[in-house]
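The data block below is target.tsv; it holds TSV, C-alpha atoms.
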```tsv
chain	number	residue	atom	x	y	z
A	1	MET	CA	22.33	-9.24	15.30
A	2	SER	CA	21.09	-5.78	16.24
A	3	PHE	CA	19.47	-2.62	14.90
A	4	GLU	CA	20.98	0.84	14.48
A	5	LYS	CA	17.89	2.72	13.31
A	6	LEU	CA	14.31	2.97	14.57
A	7	ALA	CA	12.04	3.72	11.60
A	8	LEU	CA	8.56	4.99	12.39
A	9	ILE	CA	5.85	5.19	9.74
A	10	LEU	CA	3.93	8.18	11.07
A	11	THR	CA	1.05	7.63	8.64
A	12	GLU	CA	0.16	5.57	5.59
A	13	GLN	CA	-1.84	8.50	4.25
A	14	CYS	CA	-0.35	10.44	1.34
A	15	ASN	CA	-1.46	13.36	-0.79
A	16	ALA	CA	-0.08	11.47	-3.82
A	17	GLU	CA	-0.98	8.07	-5.24
A	18	CYS	CA	2.16	7.04	-7.11
A	19	ASP	CA	2.19	3.93	-9.27
A	20	ILE	CA	5.45	2.78	-7.68
A	21	CYS	CA	4.36	3.07	-4.01
A	22	ALA	CA	5.43	-0.05	-2.09
A	23	LEU	CA	2.85	0.60	0.64
A	24	SER	CA	-0.05	1.55	-1.69
A	25	CYS	CA	-0.47	4.85	0.15
A	26	SER	CA	-3.10	7.35	-1.00
A	27	PRO	CA	-5.21	10.32	0.17
A	28	ARG	CA	-7.92	7.81	1.12
A	29	THR	CA	-5.67	5.96	3.58
A	30	LYS	CA	-6.31	7.44	7.02
A	31	GLY	CA	-4.69	7.12	10.41
A	32	ILE	CA	-1.62	8.32	12.27
A	33	MET	CA	0.71	6.81	14.85
A	34	GLU	CA	-0.26	8.11	18.27
A	35	LEU	CA	2.34	10.56	19.57
A	36	GLU	CA	2.54	8.89	22.96
A	37	GLN	CA	3.22	5.55	21.29
A	38	ALA	CA	5.93	7.08	19.11
A	39	TYR	CA	7.49	8.76	22.16
A	40	ASN	CA	7.41	5.41	23.96
A	41	TYR	CA	9.14	3.62	21.09
A	42	MET	CA	11.89	6.24	20.98
A	43	GLU	CA	12.38	6.20	24.75
A	44	GLN	CA	12.71	2.42	24.72
A	45	ALA	CA	15.18	2.53	21.82
A	46	SER	CA	17.25	5.22	23.59
A	47	LYS	CA	17.97	2.73	26.39
A	48	ILE	CA	19.35	0.19	23.90
A	49	SER	CA	22.92	1.14	23.01
A	50	ASN	CA	22.88	0.07	19.34
A	51	PHE	CA	20.13	2.49	18.30
A	52	LYS	CA	21.66	5.72	16.96
A	53	TYR	CA	19.08	6.99	14.46
A	54	VAL	CA	15.37	7.66	14.18
A	55	GLY	CA	13.70	7.81	10.77
A	56	ILE	CA	10.20	9.18	10.23
A	57	SER	CA	8.35	8.45	7.02
A	58	GLY	CA	4.99	7.54	5.52
A	59	GLY	CA	2.89	7.89	3.52
A	60	GLU	CA	3.61	11.57	3.75
A	61	PRO	CA	4.58	12.64	7.30
A	62	PHE	CA	4.30	16.37	6.49
A	63	LEU	CA	0.52	15.94	6.29
A	64	TYR	CA	0.84	15.95	10.09
A	65	TYR	CA	3.39	18.73	10.34
A	66	ASP	CA	2.80	19.73	13.98
A	67	GLU	CA	3.12	16.11	15.12
A	68	LEU	CA	6.23	15.68	12.97
A	69	ILE	CA	7.98	18.65	14.59
A	70	LYS	CA	7.14	17.27	18.04
A	71	LEU	CA	8.59	13.88	17.11
A	72	ILE	CA	11.80	15.44	15.81
A	73	LYS	CA	12.20	17.46	19.01
A	74	LYS	CA	11.58	14.36	21.11
A	75	ALA	CA	14.14	12.32	19.16
A	76	LYS	CA	16.64	15.17	19.49
A	77	SER	CA	16.12	15.28	23.27
A	78	LEU	CA	17.05	11.58	23.36
A	79	ASN	CA	20.28	12.29	21.41
A	80	PHE	CA	19.23	10.53	18.22
A	81	LYS	CA	20.21	11.62	14.74
A	82	ILE	CA	16.94	12.15	12.89
A	83	ALA	CA	15.91	11.66	9.26
A	84	VAL	CA	12.57	12.33	7.61
A	85	THR	CA	11.28	11.22	4.19
A	86	THR	CA	8.96	13.46	2.17
A	87	ASN	CA	7.69	14.10	-1.34
A	88	GLY	CA	8.15	17.85	-0.84
A	89	PHE	CA	4.56	18.95	-1.47
A	90	TRP	CA	5.09	21.71	1.09
A	91	GLY	CA	7.70	23.45	-1.09
A	92	LYS	CA	5.10	25.34	-3.13
A	93	THR	CA	6.75	28.71	-2.51
A	94	LYS	CA	10.28	29.80	-1.65
A	95	GLU	CA	9.00	31.57	1.44
A	96	ASN	CA	7.19	28.52	2.81
A	97	SER	CA	10.14	26.26	1.99
A	98	LYS	CA	12.56	28.50	3.86
A	99	LYS	CA	10.29	28.73	6.90
A	100	ILE	CA	9.75	24.97	7.15
A	101	VAL	CA	13.42	24.10	6.56
A	102	GLU	CA	14.41	26.51	9.34
A	103	ASN	CA	11.80	24.97	11.66
A	104	LEU	CA	13.07	21.47	10.88
A	105	ILE	CA	16.68	22.42	11.57
A	106	ASN	CA	15.76	24.22	14.79
A	107	ALA	CA	13.79	21.15	15.91
A	108	GLY	CA	16.88	19.01	15.41
A	109	LEU	CA	16.48	17.33	12.02
A	110	SER	CA	19.74	15.85	10.71
A	111	ARG	CA	18.70	14.61	7.27
A	112	MET	CA	15.89	14.88	4.75
A	113	ASP	CA	15.20	12.29	2.04
A	114	LEU	CA	13.30	13.81	-0.86
A	115	SER	CA	11.39	11.49	-3.21
A	116	VAL	CA	12.01	12.91	-6.69
A	117	ASP	CA	11.14	10.98	-9.84
A	118	GLU	CA	8.75	10.84	-12.77
A	119	PHE	CA	6.06	9.15	-10.67
A	120	HIS	CA	6.07	11.73	-7.87
A	121	SER	CA	6.28	14.60	-10.37
A	122	LYS	CA	2.70	13.85	-11.46
A	123	TYR	CA	1.65	15.18	-8.07
A	124	ILE	CA	4.59	17.33	-6.94
A	125	PRO	CA	6.09	19.78	-9.48
A	126	TYR	CA	9.89	19.83	-9.68
A	127	GLU	CA	9.68	23.54	-8.86
A	128	TYR	CA	8.68	22.60	-5.29
A	129	ILE	CA	11.81	20.47	-4.96
A	130	ARG	CA	13.96	23.32	-6.28
A	131	ASN	CA	12.49	25.61	-3.64
A	132	ILE	CA	13.35	23.15	-0.86
A	133	LEU	CA	16.88	22.60	-2.15
A	134	GLU	CA	17.43	26.34	-2.41
A	135	ALA	CA	16.14	26.83	1.13
A	136	SER	CA	18.46	24.06	2.40
A	137	ASP	CA	21.56	25.16	0.52
A	138	GLY	CA	24.31	26.29	2.85
A	139	SER	CA	22.69	24.78	5.94
A	140	ASN	CA	23.93	21.79	7.93
A	141	LEU	CA	20.88	19.76	6.87
A	142	GLU	CA	21.90	16.68	4.89
A	143	ILE	CA	19.73	16.16	1.80
A	144	GLU	CA	19.35	12.99	-0.25
A	145	LEU	CA	17.26	12.89	-3.41
A	146	SER	CA	15.82	9.42	-4.01
A	147	SER	CA	14.59	8.47	-7.46
A	148	VAL	CA	12.63	5.27	-8.22
A	149	VAL	CA	13.07	4.26	-11.84
A	150	THR	CA	11.86	1.78	-14.44
A	151	GLN	CA	13.16	1.07	-17.92
A	152	LYS	CA	10.83	3.64	-19.46
A	153	SER	CA	10.77	6.33	-16.77
A	154	HIS	CA	12.90	9.44	-16.63
A	155	ARG	CA	16.26	8.81	-15.02
A	156	LEU	CA	18.40	10.99	-12.78
A	157	LYS	CA	20.02	12.73	-15.73
A	158	ASP	CA	16.59	14.00	-16.77
A	159	ILE	CA	15.81	15.19	-13.26
A	160	LYS	CA	19.21	16.81	-13.07
A	161	ASP	CA	18.42	18.81	-16.19
A	162	VAL	CA	15.21	20.06	-14.56
A	163	LEU	CA	16.76	20.90	-11.19
A	164	ASN	CA	19.97	22.22	-12.81
A	165	GLU	CA	22.42	23.92	-10.46
A	166	HIS	CA	20.44	23.05	-7.34
A	167	LEU	CA	21.74	19.47	-7.46
A	168	SER	CA	25.40	20.32	-6.94
A	169	SER	CA	25.38	20.21	-3.13
A	170	PHE	CA	23.16	17.18	-2.57
A	171	THR	CA	23.30	13.39	-2.79
A	172	ILE	CA	21.18	11.70	-5.45
A	173	ILE	CA	20.34	7.99	-5.46
A	174	GLU	CA	18.58	5.93	-8.11
A	175	ARG	CA	16.61	2.84	-7.05
A	176	PRO	CA	14.91	0.31	-9.34
A	177	CYS	CA	11.17	-0.10	-8.85
A	178	SER	CA	10.25	-3.31	-7.04
A	179	PRO	CA	6.91	-4.93	-7.96
A	180	VAL	CA	5.35	-4.75	-4.50
A	181	GLY	CA	2.40	-2.76	-3.24
A	182	ARG	CA	0.75	-0.66	-5.94
A	183	ALA	CA	3.70	-1.23	-8.29
A	184	ALA	CA	2.72	-4.89	-8.58
A	185	GLU	CA	-0.51	-3.74	-10.22
A	186	LYS	CA	0.58	-0.61	-12.08
A	187	ILE	CA	4.07	-1.37	-13.41
A	188	SER	CA	4.46	-4.04	-16.09
A	189	LYS	CA	7.09	-6.75	-15.54
A	190	GLN	CA	8.64	-5.82	-18.88
A	191	ASP	CA	9.31	-2.32	-17.58
A	192	LEU	CA	11.24	-3.42	-14.49
A	193	ILE	CA	15.03	-3.27	-14.25
A	194	TYR	CA	16.23	-6.75	-13.34
A	195	LYS	CA	19.50	-7.63	-11.66
A	196	SER	CA	21.07	-11.02	-12.30
A	197	SER	CA	22.79	-11.11	-8.88
A	198	ALA	CA	19.55	-10.62	-6.92
A	199	CYS	CA	19.15	-14.37	-6.39
A	200	THR	CA	22.68	-14.89	-5.05
A	201	GLN	CA	22.90	-12.10	-2.47
A	202	LYS	CA	22.99	-12.23	1.31
A	203	CYS	CA	20.90	-9.75	3.25
A	204	PHE	CA	22.80	-6.96	5.00
A	205	ASN	CA	19.78	-4.64	5.27
A	206	GLN	CA	18.70	-5.80	8.71
A	207	THR	CA	19.86	-2.68	10.53
A	208	THR	CA	16.46	-1.00	10.82
A	209	LEU	CA	13.53	-1.81	13.09
A	210	LEU	CA	10.44	-0.65	11.22
A	211	ILE	CA	7.20	0.07	13.09
A	212	PHE	CA	3.86	0.82	11.43
A	213	PRO	CA	1.14	3.06	12.95
A	214	ASP	CA	-0.71	-0.04	14.18
A	215	GLY	CA	2.43	-1.37	15.90
A	216	ARG	CA	3.49	-4.04	13.40
A	217	ALA	CA	7.27	-4.47	13.58
A	218	PHE	CA	9.66	-5.75	10.90
A	219	PRO	CA	13.46	-6.17	10.59
A	220	CYS	CA	14.09	-3.84	7.65
A	221	CYS	CA	12.61	-0.90	5.76
A	222	CYS	CA	13.05	-2.27	2.26
A	223	PRO	CA	10.07	-2.48	-0.10
A	224	THR	CA	8.87	-6.03	0.57
A	225	GLU	CA	5.44	-7.38	1.36
A	226	TYR	CA	5.04	-6.47	5.04
A	227	ASN	CA	3.72	-9.69	6.51
A	228	GLY	CA	4.62	-13.35	6.66
A	229	LEU	CA	7.70	-14.98	8.14
A	230	LEU	CA	9.69	-11.79	8.85
A	231	TYR	CA	6.99	-10.30	11.06
A	232	LEU	CA	8.39	-9.69	14.56
A	233	GLY	CA	5.21	-8.90	16.46
A	234	SER	CA	3.38	-5.81	17.67
A	235	ALA	CA	5.24	-2.98	19.40
A	236	GLN	CA	1.92	-2.02	20.97
A	237	GLU	CA	1.71	-5.39	22.70
A	238	MET	CA	5.33	-6.05	23.69
A	239	PRO	CA	8.39	-3.95	24.55
A	240	ILE	CA	11.08	-3.38	21.95
A	241	SER	CA	13.46	-5.50	24.03
A	242	GLU	CA	11.15	-8.48	23.43
A	243	ILE	CA	10.90	-7.67	19.72
A	244	LEU	CA	14.70	-7.75	19.58
A	245	LYS	CA	14.66	-11.20	21.19
A	246	LYS	CA	12.17	-12.37	18.56
A	247	TYR	CA	14.42	-10.94	15.86
A	248	ASN	CA	17.50	-12.69	17.22
A	249	SER	CA	15.61	-15.98	17.32
A	250	ASN	CA	14.10	-15.55	13.84
A	251	ILE	CA	15.74	-18.30	11.80
A	252	TYR	CA	14.84	-16.66	8.49
A	253	CYS	CA	16.68	-13.45	9.36
A	254	LYS	CA	19.72	-15.51	10.37
A	255	MET	CA	19.59	-17.65	7.23
A	256	LEU	CA	19.35	-14.54	5.04
A	257	LYS	CA	22.50	-13.11	6.59
A	258	THR	CA	24.41	-16.39	6.60
A	259	TYR	CA	23.37	-18.08	3.36
A	260	GLY	CA	21.37	-15.49	1.44
A	261	VAL	CA	18.26	-16.01	-0.66
A	262	LYS	CA	19.89	-18.62	-2.89
A	263	TRP	CA	19.62	-21.26	-0.16
A	264	PHE	CA	15.83	-20.87	-0.12
A	265	ILE	CA	15.55	-20.74	-3.90
A	266	ASP	CA	17.56	-23.95	-4.25
A	267	ILE	CA	15.39	-25.70	-1.64
A	268	ILE	CA	12.22	-24.64	-3.45
A	269	LYS	CA	13.50	-25.80	-6.82
A	270	ASN	CA	15.23	-29.01	-5.73
A	271	HIS	CA	12.32	-30.22	-3.62
A	272	LYS	CA	9.52	-28.74	-5.75
A	273	LEU	CA	8.02	-26.80	-2.87
A	274	PRO	CA	4.67	-25.10	-3.66
A	275	ILE	CA	6.13	-21.59	-3.48
A	276	SER	CA	6.02	-19.44	-6.61
A	277	LEU	CA	9.22	-18.00	-8.03
A	278	GLU	CA	9.78	-15.43	-10.77
A	279	GLU	CA	12.23	-15.96	-13.59
A	280	ASN	CA	13.95	-12.64	-12.82
A	281	TYR	CA	14.19	-10.32	-9.85
A	282	VAL	CA	14.89	-6.61	-9.38
A	283	GLU	CA	16.80	-6.91	-6.10
A	284	ILE	CA	17.15	-9.11	-3.05
A	285	CYS	CA	14.15	-7.39	-1.39
A	286	HIS	CA	12.01	-8.41	-4.36
A	287	VAL	CA	13.12	-12.02	-3.80
A	288	CYS	CA	12.29	-11.82	-0.09
A	289	SER	CA	8.80	-10.55	-0.85
A	290	GLU	CA	8.06	-13.95	-2.40
A	291	LEU	CA	10.14	-16.26	-0.22
A	292	PHE	CA	8.61	-15.09	3.07
A	293	LEU	CA	5.22	-13.82	1.93
A	294	LYS	CA	3.04	-16.24	3.89
A	295	LYS	CA	3.42	-17.68	7.38
A	296	GLU	CA	2.30	-21.09	6.10
A	297	TYR	CA	5.53	-21.31	4.11
A	298	GLU	CA	7.18	-22.21	7.41
A	299	GLU	CA	5.93	-25.79	7.18
A	300	TYR	CA	7.63	-26.17	3.79
A	301	TYR	CA	10.99	-24.78	4.92
A	302	ARG	CA	11.14	-26.33	8.40
A	303	PRO	CA	12.43	-29.84	7.52
A	304	TYR	CA	15.32	-28.46	5.45
A	305	ILE	CA	16.21	-25.80	8.02
A	306	GLU	CA	16.39	-28.54	10.67
A	307	ILE	CA	18.78	-30.50	8.45
A	308	GLU	CA	20.92	-27.37	8.04
A	309	LYS	CA	20.96	-26.88	11.81
A	310	LEU	CA	22.22	-30.44	12.31
A	311	LYS	CA	24.99	-29.88	9.76
A	312	TYR	CA	26.03	-26.72	11.57
A	313	MET	CA	26.06	-28.47	14.97
A	314	LYS	CA	28.25	-31.26	13.61
A	315	LYS	CA	30.80	-28.69	12.44
A	316	LEU	CA	31.00	-27.30	15.97
A	317	VAL	CA	31.69	-30.72	17.50
```

Could I get this file's structure written as structure tokens?
Amino acid sequence: MSFEKLALILTEQCNAECDICALSCSPRTKGIMELEQAYNYMEQASKISNFKYVGISGGEPFLYYDELIKLIKKAKSLNFKIAVTTNGFWGKTKENSKKIVENLINAGLSRMDLSVDEFHSKYIPYEYIRNILEASDGSNLEIELSSVVTQKSHRLKDIKDVLNEHLSSFTIIERPCSPVGRAAEKISKQDLIYKSSACTQKCFNQTTLLIFPDGRAFPCCCPTEYNGLLYLGSAQEMPISEILKKYNSNIYCKMLKTYGVKWFIDIIKNHKLPISLEENYVEICHVCSELFLKKEYEEYYRPYIEIEKLKYMKKLV
């Protein structure tokens, strides 16, 4: 079990306050990851062979543009491929878009993920996104447009109509809104897009080591509640090599990959454990946000995990 990507949340501050934000970011959220800490994380990851990518996100990382450029240059010097996630607020004019895109490419950026949907459009006009796409067209910069959707929100076809011909050269991805963070308060359950297979899936998303500005480290970058049983420790207090050891010894990460979320759901239901479950789920990450929300859940799962361990050992004999 290992990671391929180091994901750094540069800041939880954002110039927008979208209803679907999994981290509840806003203009009132302050703070930034110290550059020296970010450099240290990247240098440590560069000495671990599996790490190939660095992702920088937020919040909105372009609020700290100078620091962002420095981080991209640092990652490039360590031979990482680099991606950054943004809402595109800086694309107000064609001239500014072209200048920033050129600076990003010169710094070494490999890929840009643009958040484009009805919720972001309340703060960032689609015209800004068009400017960025036009500035990027014909370059070697990979662009992905990411759209979070609900049953009632505009879908990609609507966005495509607004962005028209500028979509032809870029990847567009549609993701259902998960009820975590601010979305748990702002988006009604009736408006979510549920998936019947969410409760039967195994987790294959554990390829990213996510680190928050305060050093909290987690084994994926999916929109779950960032605490509880999947917490790996603080990157400010221990080296990444130790965090990897904690990940490889985390029984919940192993169980998710081996058995999937259904094993936990069945245990909860069959033994009437005091852990709340929804009737329907959007995706496996939504399920995880409930199964591993609190560290005290460990005492409920432990007896049944020990039984499963014994069964596994008997098979090996």

Original post:
Near stretch 202-211 of chain A, within 7 Å and counting all atoms listed in the file, which residues show up once chain neighbours fewer than 5 positions away are dropped, as JSON, numbers by chain?
Top reply: {"A": [2, 3, 4, 5, 6, 7, 8, 9, 216, 217, 218, 219, 220, 221, 256, 257, 258, 259, 260, 261]}

Subject >> Distance query stretch 272-277 of chain A at most 8 Å, only C-alpha atoms, self and fewer than 5 positions along chain excluded, as a ChimeraX atom specification >> reply: /A:267,290-291,297,300

Subject >> Contacts of stretch 65-80 of chain A within 9 Å, all atoms listed in the file, excl. fewer than 6 positions in-chain, as a PyMOL selection string >> reply: chain A and resi 10+35+38-39+42-43+46+51-54+56+103-104+106-109

Serialized selection, C-alpha atoms, as a PDB file, keeping the file's coordinate frame:
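Printed below is result_38.pdb as written:
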```pdb
ATOM      1  CA  LEU A  10       3.930   8.180  11.070  1.00  0.00           C
ATOM      2  CA  LEU A  35       2.340  10.560  19.570  1.00  0.00           C
ATOM      3  CA  ALA A  38       5.930   7.080  19.110  1.00  0.00           C
ATOM      4  CA  TYR A  39       7.490   8.760  22.160  1.00  0.00           C
ATOM      5  CA  MET A  42      11.890   6.240  20.980  1.00  0.00           C
ATOM      6  CA  GLU A  43      12.380   6.200  24.750  1.00  0.00           C
ATOM      7  CA  SER A  46      17.250   5.220  23.590  1.00  0.00           C
ATOM      8  CA  PHE A  51      20.130   2.490  18.300  1.00  0.00           C
ATOM      9  CA  LYS A  52      21.660   5.720  16.960  1.00  0.00           C
ATOM     10  CA  TYR A  53      19.080   6.990  14.460  1.00  0.00           C
ATOM     11  CA  VAL A  54      15.370   7.660  14.180  1.00  0.00           C
ATOM     12  CA  ILE A  56      10.200   9.180  10.230  1.00  0.00           C
ATOM     13  CA  ASN A 103      11.800  24.970  11.660  1.00  0.00           C
ATOM     14  CA  LEU A 104      13.070  21.470  10.880  1.00  0.00           C
ATOM     15  CA  ASN A 106      15.760  24.220  14.790  1.00  0.00           C
ATOM     16  CA  ALA A 107      13.790  21.150  15.910  1.00  0.00           C
ATOM     17  CA  GLY A 108      16.880  19.010  15.410  1.00  0.00           C
ATOM     18  CA  LEU A 109      16.480  17.330  12.020  1.00  0.00           C
TER      19      LEU A 109
END
```

Determine, using all atoms listed in the file, which residues of stretch 77-144 of chain A have any atom at most 12 Å from an atom of stretch 171-177 of chain A, and tabulate each with its shortest atom pair and distance in Å to one decimal place, rows ordered by chain and then rising number, as JSON lines.
```
{"residue": "A:Arg111", "atom": "CA", "partner": "A:Thr171", "partner_atom": "CA", "distance": 11.1}
{"residue": "A:Met112", "atom": "CA", "partner": "A:Thr171", "partner_atom": "CA", "distance": 10.7}
{"residue": "A:Asp113", "atom": "CA", "partner": "A:Thr171", "partner_atom": "CA", "distance": 9.5}
{"residue": "A:Leu114", "atom": "CA", "partner": "A:Ile172", "partner_atom": "CA", "distance": 9.4}
{"residue": "A:Ser115", "atom": "CA", "partner": "A:Ile173", "partner_atom": "CA", "distance": 9.9}
{"residue": "A:Val116", "atom": "CA", "partner": "A:Ile172", "partner_atom": "CA", "distance": 9.3}
{"residue": "A:Asp117", "atom": "CA", "partner": "A:Glu174", "partner_atom": "CA", "distance": 9.2}
{"residue": "A:Glu118", "atom": "CA", "partner": "A:Cys177", "partner_atom": "CA", "distance": 11.9}
{"residue": "A:Phe119", "atom": "CA", "partner": "A:Cys177", "partner_atom": "CA", "distance": 10.7}
{"residue": "A:Leu133", "atom": "CA", "partner": "A:Thr171", "partner_atom": "CA", "distance": 11.2}
{"residue": "A:Leu141", "atom": "CA", "partner": "A:Thr171", "partner_atom": "CA", "distance": 11.8}
{"residue": "A:Glu142", "atom": "CA", "partner": "A:Thr171", "partner_atom": "CA", "distance": 8.5}
{"residue": "A:Ile143", "atom": "CA", "partner": "A:Thr171", "partner_atom": "CA", "distance": 6.4}
{"residue": "A:Glu144", "atom": "CA", "partner": "A:Thr171", "partner_atom": "CA", "distance": 4.7}
```

Those same residues - C-alpha atoms - I'd like them written as a tab-separated table (two decimals), in the coordinates of the input.
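Writing done, so here's result-v2.tsv:
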```
chain	number	residue	atom	x	y	z
A	111	ARG	CA	18.70	14.61	7.27
A	112	MET	CA	15.89	14.88	4.75
A	113	ASP	CA	15.20	12.29	2.04
A	114	LEU	CA	13.30	13.81	-0.86
A	115	SER	CA	11.39	11.49	-3.21
A	116	VAL	CA	12.01	12.91	-6.69
A	117	ASP	CA	11.14	10.98	-9.84
A	118	GLU	CA	8.75	10.84	-12.77
A	119	PHE	CA	6.06	9.15	-10.67
A	133	LEU	CA	16.88	22.60	-2.15
A	141	LEU	CA	20.88	19.76	6.87
A	142	GLU	CA	21.90	16.68	4.89
A	143	ILE	CA	19.73	16.16	1.80
A	144	GLU	CA	19.35	12.99	-0.25
```

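The closest residue to A:Asn280, picked from A:Leu63, A:Leu192, A:Leu230, A:Ile82 and counting all atoms listed in the file, is A:Leu192.
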
**OP:** Step by step: start from the point (-3.6, 16.9, -2.7) in the file's coordinates, keep every protein, DNA or RNA residue that has an atom no farther than 8 Å from it, count all atoms listed in the file, and write the set as a ChimeraX atom specification.
**Re:** /A:15-16,27,123

Original post:
atom CA of A:Asn40 and atom CA of A:Ser234, how far apart in Å?
Top reply: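 Between atom CA of A:Ser234 and atom CA of A:Asn40 the gap is 13.5 Å.
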
Original post:
Which of these, A:Val287, A:Cys253, A:Ile100, A:Ile105, has the shortest distance to A:Ser178 once you count all atoms listed in the file?
Top reply: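 Looking only at the distances to A:Ser178, the closest residue turns out to be A:Val287.
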
Subject >> Which residue of A:Lys98, A:Gly215, A:Arg182, A:Asp158 approaches A:Thr11 most closely, using only C-alpha atoms >> reply: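 Nearest candidate to A:Thr11 out of A:Lys98, A:Gly215, A:Arg182, A:Asp158: A:Gly215.
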
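For the pair atom CA of A:Lys81 and atom CA of A:Cys285, the separation is 25.7 Å.
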
Original post:
For the atom pair atom CA of A:Ser289 and atom CA of A:Val180, what is the interatomic distance in Å to one decimal place?
Top reply: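 Result for atom CA of A:Ser289 versus atom CA of A:Val180: 7.7 Å, one decimal.
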
Subject >> Counting only C-alpha atoms, the residue of A:Gly228, A:Gly59, A:Gly233, A:Gly88 that sits nearest A:Leu23 >> reply: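 For A:Leu23, the nearest of the candidates is A:Gly59.
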
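Minimum atom-to-atom distances from A:Asp137, A:Gly181, A:Ile124, A:Thr93 to A:Cys21 were compared using all atoms listed in the file, and the lowest value belongs to A:Gly181.
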
Starting from 8 Å padding per side, set up an axis-aligned box that covers all listed atoms of stretch 286-302 of chain A and hand over centre and edge lengths in Å, one decimal, as JSON.
```
{"center_x": 7.7, "center_y": -17.4, "center_z": 2.0, "size_x": 26.8, "size_y": 33.9, "size_z": 28.8}
```

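Closest to A:Val162 among A:Tyr252, A:Phe292, A:Tyr128, A:Tyr194 is A:Tyr128, based on all atoms listed in the file.
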
Original post:
Near A:Thr29, counting all atoms listed in the file, which residues have an atom at most 9 Å away, once you skip same-chain residues fewer than 4 positions from it, shown as an MDAnalysis selection string?
Top reply: chainID A and resid 11:14 24:25 59

**OP:** Using only C-alpha atoms, determine which residues lie at most 8 Å from A:Ile193, disregarding the query and same-chain residues fewer than 2 positions distant; provide the list as a PyMOL selection string.
**Re:** chain A and resi 150-151+176-177+191+195+282
